[in-house]
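This is final.txt (compact mmCIF, C-alpha atoms).
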# COMPACT_ATOMS: atom_id res chain seq x y z
CA MET A 1 92.64 90.54 99.77
CA ILE A 2 93.60 89.01 96.43
CA THR A 3 90.79 87.46 94.41
CA ALA A 4 91.23 84.37 92.23
CA VAL A 5 93.18 85.08 89.07
CA LYS A 6 93.18 82.98 85.89
CA THR A 7 96.79 82.00 85.23
CA VAL A 8 98.82 80.77 82.26
CA SER A 9 101.92 78.57 82.10
CA ILE A 10 105.40 80.06 82.01
CA ASP A 11 105.64 78.76 78.45
CA ASP A 12 102.64 80.93 77.48
CA LEU A 13 104.36 84.01 78.92
CA VAL A 14 107.62 83.18 77.11
CA GLN A 15 105.71 82.77 73.85
CA GLY A 16 104.05 86.17 74.43
CA LEU A 17 107.39 87.84 75.15
CA ARG A 18 109.02 86.30 72.08
CA GLN A 19 106.23 87.66 69.87
CA LEU A 20 106.75 91.28 71.00
CA PRO A 21 108.56 93.61 68.60
CA GLU A 22 111.78 95.32 69.65
CA PRO A 23 110.10 98.70 70.44
CA ALA A 24 108.00 96.98 73.16
CA PHE A 25 111.14 96.64 75.27
CA THR A 26 112.08 100.32 74.97
CA GLU A 27 108.85 101.58 76.58
CA ILE A 28 107.00 100.39 79.67
CA LYS A 29 103.34 99.79 78.79
CA THR A 30 103.43 96.78 76.46
CA VAL A 31 105.38 94.33 78.64
CA HIS A 32 103.54 95.55 81.75
CA ARG A 33 100.22 94.87 80.05
CA LEU A 34 101.42 91.40 78.98
CA LEU A 35 102.30 90.57 82.60
CA GLN A 36 98.86 91.78 83.73
CA GLU A 37 97.08 89.75 81.05
CA LYS A 38 99.18 86.60 81.53
CA PRO A 39 99.77 86.02 85.25
CA VAL A 40 101.88 82.88 85.51
CA SER A 41 100.89 79.79 87.46
CA ALA A 42 103.40 79.07 90.24
CA GLN A 43 103.12 75.33 89.49
CA SER A 44 104.43 75.83 85.93
CA LEU A 45 107.60 77.42 87.37
CA ALA A 46 108.62 74.30 89.33
CA PRO A 47 111.59 73.40 87.04
CA TYR A 48 113.07 76.87 87.59
CA LEU A 49 112.67 77.27 91.35
CA THR A 50 115.58 76.82 93.74
CA TRP A 51 115.73 78.04 97.32
CA ASP A 52 118.59 79.07 99.59
CA ARG A 53 118.15 80.07 103.23
CA GLN A 54 121.10 82.49 103.03
CA HIS A 55 120.24 84.47 99.89
CA TYR A 56 117.54 84.80 97.27
CA THR A 57 118.23 82.80 94.09
CA ARG A 58 118.34 84.05 90.47
CA ASN A 59 117.09 81.48 87.96
CA LEU A 60 117.31 82.16 84.22
CA ILE A 61 114.21 81.01 82.31
CA ASP A 62 114.64 82.59 78.88
CA ARG A 63 117.06 84.94 77.12
CA THR A 64 117.07 86.59 73.69
CA PRO A 65 118.98 89.64 72.43
CA LEU A 66 115.90 91.73 73.39
CA TYR A 67 115.23 90.52 76.95
CA GLU A 68 115.97 88.06 79.70
CA LEU A 69 113.40 86.45 81.99
CA LEU A 70 114.31 85.29 85.51
CA ALA A 71 112.50 83.65 88.40
CA ILE A 72 113.81 84.93 91.72
CA CYS A 73 113.02 82.84 94.81
CA TRP A 74 112.68 84.63 98.15
CA GLU A 75 112.62 83.00 101.56
CA ILE A 76 110.75 84.85 104.30
CA GLY A 77 112.64 88.02 105.26
CA GLN A 78 115.05 88.04 102.31
CA ALA A 79 115.74 91.27 100.42
CA SER A 80 117.86 92.43 97.53
CA SER A 81 120.45 95.14 97.86
CA VAL A 82 119.39 98.56 96.65
CA HIS A 83 120.41 98.39 92.99
CA ASN A 84 119.97 99.59 89.41
CA HIS A 85 119.61 97.67 86.12
CA ARG A 86 122.33 99.29 84.02
CA GLY A 87 119.88 101.45 82.09
CA GLN A 88 117.65 98.52 81.13
CA ASN A 89 113.90 98.51 81.66
CA CYS A 90 112.58 96.06 84.23
CA TRP A 91 109.15 94.56 84.81
CA MET A 92 108.25 92.33 87.75
CA ALA A 93 105.37 89.97 88.49
CA VAL A 94 104.76 87.78 91.54
CA PRO A 95 103.15 84.40 90.81
CA MET A 96 103.67 83.21 94.40
CA GLY A 97 103.42 85.24 97.62
CA ARG A 98 103.80 88.99 97.68
CA LEU A 99 106.75 91.35 97.69
CA GLN A 100 107.47 94.97 98.50
CA VAL A 101 109.41 97.26 96.16
CA GLU A 102 111.17 100.21 97.79
CA ASN A 103 112.02 102.87 95.20
CA PHE A 104 114.73 105.51 95.60
CA HIS A 105 115.66 108.74 93.87
CA LEU A 106 119.36 108.89 93.00
CA VAL A 107 120.52 112.38 93.92
CA HIS A 108 124.23 111.79 93.25
CA GLU A 109 126.39 108.87 92.10
CA ASP A 110 130.15 108.54 91.69
CA VAL A 111 130.85 104.83 91.22
CA ALA A 112 134.59 105.41 90.72
CA ALA A 113 134.77 107.08 94.16
CA GLY A 114 132.22 104.63 95.65
CA ARG A 115 129.96 107.47 96.84
CA CYS A 116 126.26 108.17 96.33
CA LYS A 117 123.28 109.92 97.83
CA LEU A 118 119.78 108.41 97.66
CA GLU A 119 116.41 109.59 98.91
CA PRO A 120 113.48 107.24 99.57
CA LYS A 121 110.80 107.76 96.92
CA ASN A 122 107.89 105.35 97.46
CA ILE A 123 106.95 101.78 98.32
CA ALA A 124 104.73 99.48 96.27
CA GLU A 125 103.45 95.98 96.86
CA MET A 126 103.42 93.29 94.17
CA ASN A 127 101.25 90.17 94.14
CA ILE A 128 99.77 87.91 91.47
CA ALA A 129 97.20 90.54 90.46
CA GLU A 130 99.60 93.52 90.62
CA PRO A 131 102.78 93.35 88.53
CA CYS A 132 104.91 96.47 88.32
CA ALA A 133 107.47 98.21 86.15
CA VAL A 134 110.55 100.01 87.39
CA ASP A 135 110.37 103.74 86.64
CA PRO A 136 113.07 104.47 84.02
CA ALA A 137 113.47 108.00 85.43
CA ASP A 138 114.18 106.63 88.95
CA PRO A 139 115.26 103.00 88.47
CA VAL A 140 117.06 102.44 91.79
CA HIS A 141 115.13 100.08 94.07
CA ARG A 142 115.16 97.16 96.50
CA VAL A 143 112.81 94.13 96.61
CA VAL A 144 111.82 92.76 100.03
CA ASN A 145 109.91 89.68 101.19
CA GLN A 146 108.77 91.19 104.48
CA ARG A 147 108.80 88.87 107.52
CA GLU A 148 105.20 89.81 108.25
CA PHE A 149 104.15 88.43 104.83
CA ASP A 150 105.05 85.06 106.42
CA GLN A 151 105.50 83.09 103.19
CA ARG A 152 108.00 82.30 100.49
CA ALA A 153 107.66 84.33 97.30
CA VAL A 154 108.66 84.04 93.67
CA SER A 155 109.06 87.02 91.37
CA LEU A 156 109.45 87.00 87.61
CA HIS A 157 111.75 89.70 86.26
CA VAL A 158 111.85 90.76 82.62
CA TYR A 159 114.87 92.92 81.72
CA SER A 160 114.84 94.76 78.40
CA ARG A 161 118.30 93.51 77.48
CA PRO A 162 120.54 90.96 79.16
CA PHE A 163 123.19 92.45 81.47
CA ASP A 164 125.68 90.88 83.88
CA THR A 165 126.66 93.71 86.24
CA CYS A 166 124.80 96.33 88.20
CA VAL A 167 125.49 99.04 90.75
CA VAL A 168 124.48 98.38 94.36
CA TYR A 169 123.95 101.18 96.86
CA SER A 170 123.96 101.63 100.61
CA PRO A 171 121.59 104.55 101.29
CA GLU A 172 122.58 104.48 104.97
CA GLN A 173 126.33 104.75 104.32
CA GLY A 174 126.21 106.75 101.09
CA THR A 175 128.33 104.18 99.28
CA CYS A 176 127.96 102.34 95.96
CA GLY A 177 129.85 99.91 93.79
CA GLU A 178 129.56 97.63 90.83
CA ILE A 179 128.91 93.91 91.28
CA ARG A 180 128.86 90.96 88.88
CA LEU A 181 125.56 89.08 88.64
CA HIS A 182 125.22 85.30 88.47
CA PHE A 183 122.49 82.72 88.05
CA ASN A 184 121.82 79.85 90.44
CA THR A 185 120.23 77.92 87.57
CA GLU A 186 120.02 78.41 83.81
CA TYR A 187 117.02 76.92 82.00
CA GLY A 188 116.34 74.70 85.03
CA ILE A 189 119.92 73.38 85.28
CA PRO A 190 121.97 74.24 88.43
CA LYS A 191 125.16 76.26 87.81

Written as C-alpha cells, that's how I'd like the structure from this file.
Amino acid sequence: MITAVKTVSIDDLVQGLRQLPEPAFTEIKTVHRLLQEKPVSAQSLAPYLTWDRQHYTRNLIDRTPLYELLAICWEIGQASSVHNHRGQNCWMAVPMGRLQVENFHLVHEDVAAGRCKLEPKNIAEMNIAEPCAVDPADPVHRVVNQREFDQRAVSLHVYSRPFDTCVVYSPEQGTCGEIRLHFNTEYGIPK
C-alpha cells in the first residue's frame, strides 16, 4: 500500500533538474535522489498528457543539452518494447498509477546482423513513492502497465542526454534492430 506523498509541480522538478551540474547526469544518485525528494503531482502534468488506445505516448516536457524529460502515458496493458537508451542514463518516476520494469542482461548483440541474446535479470515496480534508475551496466529493459494494475499510468523519464534512436530487442526471437523515436507532443503541443 502506498501512503500519501507530498508532491510538487512539474515546474518545480524542471527547475531542480536545470540547477543540477553536468556531472549529476553522468552518475545515478543525484537525479534519483531529486526524483525521490520531488515526486510530481499528476495534476500539474495535465498539459503534457495525451492518450492513445493503440500505443503508449511520448510527450516531451523539457530538453537541454544535458537531459530531456518526457511524460509517457500508458493505457491499461500497454508495454514498451525491450530497448536500450543509446548509452544514456535513465531515471523514471511514476506520478500516476504504477508500472513494472523488466530488466535484462545483454549477453550478445549484433545490430548489423539483427541478432541478440538476452537473459531476464529482475523485475521492479515503480509508483509515486518509488522512482528508479536504469542500471548503466545492464540498461536493457521493458516498461509494462500490467492489466492487473487496472489503471492508467504516467511515467516521467529523465535521459542524461537527448537521443532520437534506440535499439529494440525481441528476447523470444533473438532479434534486434534500431528504431527512430518520436514525440506525440512537444512542450504540450501535438506533433

- Message: For a quick check of understanding, using only C-alpha atoms, which of A:Leu106, A:Cys132, A:Ala124, A:Ala153 has the smallest distance to A:Pro171?
- Response: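 The shortest atom-to-atom distance to A:Pro171 comes from A:Leu106.
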
- Best match for closeness to A:Val168 among A:Thr30, A:Ser9, A:Asn145, A:Ser80, counting only C-alpha atoms: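 Between A:Thr30, A:Ser9, A:Asn145, A:Ser80, the residue approaching A:Val168 most closely is A:Ser80.
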
Quick one: residues within 12 Å of A:Val111, all atoms listed in the file, excluding same-chain residues fewer than 3 positions away - as an mmCIF file with C-alpha atoms, in the coordinates of the input?
data_model
loop_
_atom_site.group_PDB
_atom_site.id
_atom_site.type_symbol
_atom_site.label_atom_id
_atom_site.label_comp_id
_atom_site.auth_asym_id
_atom_site.auth_seq_id
_atom_site.Cartn_x
_atom_site.Cartn_y
_atom_site.Cartn_z
ATOM 1 C CA HIS A 108 124.230 111.790 93.250
ATOM 2 C CA GLY A 114 132.220 104.630 95.650
ATOM 3 C CA ARG A 115 129.960 107.470 96.840
ATOM 4 C CA CYS A 116 126.260 108.170 96.330
ATOM 5 C CA LYS A 117 123.280 109.920 97.830
ATOM 6 C CA CYS A 166 124.800 96.330 88.200
ATOM 7 C CA VAL A 167 125.490 99.040 90.750
ATOM 8 C CA VAL A 168 124.480 98.380 94.360
ATOM 9 C CA TYR A 169 123.950 101.180 96.860
ATOM 10 C CA GLY A 174 126.210 106.750 101.090
ATOM 11 C CA THR A 175 128.330 104.180 99.280
ATOM 12 C CA CYS A 176 127.960 102.340 95.960
ATOM 13 C CA GLY A 177 129.850 99.910 93.790
ATOM 14 C CA GLU A 178 129.560 97.630 90.830
ATOM 15 C CA ILE A 179 128.910 93.910 91.280
#

- Restricting the calculation to all atoms listed in the file, which member of A:Thr26, A:Asn184, A:Gln19, A:Ser155 is positioned closest to A:Asn89?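 Distance minimum relative to A:Asn89 lands on A:Thr26.
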
- Task: For stretch 12-14 of chain A, work out the shell of residues within 12 Å, counting all atoms listed in the file and skipping chain neighbours fewer than 4 positions away, then give it as a PyMOL selection string.
- Result: chain A and resi 7-8+18-20+31-41+44-45+61-64+67-70+93+95+156-158

- Could you state the separation of atom CA of A:Asn122 and atom CA of A:Phe183 in Å, given to one decimal place?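 Going from atom CA of A:Asn122 over to atom CA of A:Phe183, I get 28.5 Å.
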
- Message: What's the separation between atom CA of A:Asp11 and atom CA of A:Thr57, in Å to one decimal place?
- Response: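 Value for the atom CA of A:Asp11-atom CA of A:Thr57 distance: 20.5 Å.
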
- Message: Using Å and a single decimal, report how far atom CA of A:Gly87 sits from atom CA of A:Lys29.
- Response: 16.9 Å

- Task: Would you mind telling me which residue in A:Ala137, A:Leu181, A:Ala46, A:Val144 lies nearest to A:Thr165 when using all atoms listed in the file?
- Result: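 Result for the nearest residue to A:Thr165: A:Leu181.
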
- Counting all atoms listed in the file, the residue of A:Gln146, A:Asn84, A:Gln54, A:Asn59 that sits nearest A:Gly97: A:Gln146

- Message: I want to know what sits within 8 Å of A:Pro139, based on all atoms listed in the file, with residues of the same chain fewer than 3 positions away left out; could you give that as number ranges by chain?
- Response: A: 84-85, 103-105, 134-136

- Message: Under the rule that only C-alpha atoms are counted, which of A:Glu186, A:Asp150, A:Asp138, A:Glu109 is the nearest residue to A:Thr50?
- Response: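 Under the stated criterion, the closest residue is A:Glu186.
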
- Message: Could you list, as an MDAnalysis selection string, every residue within 12 Å of A:Phe149, counting only C-alpha atoms and ignoring same-chain residues fewer than 5 positions away?
- Response: chainID A and resid 74:78 96:100 125:127 144
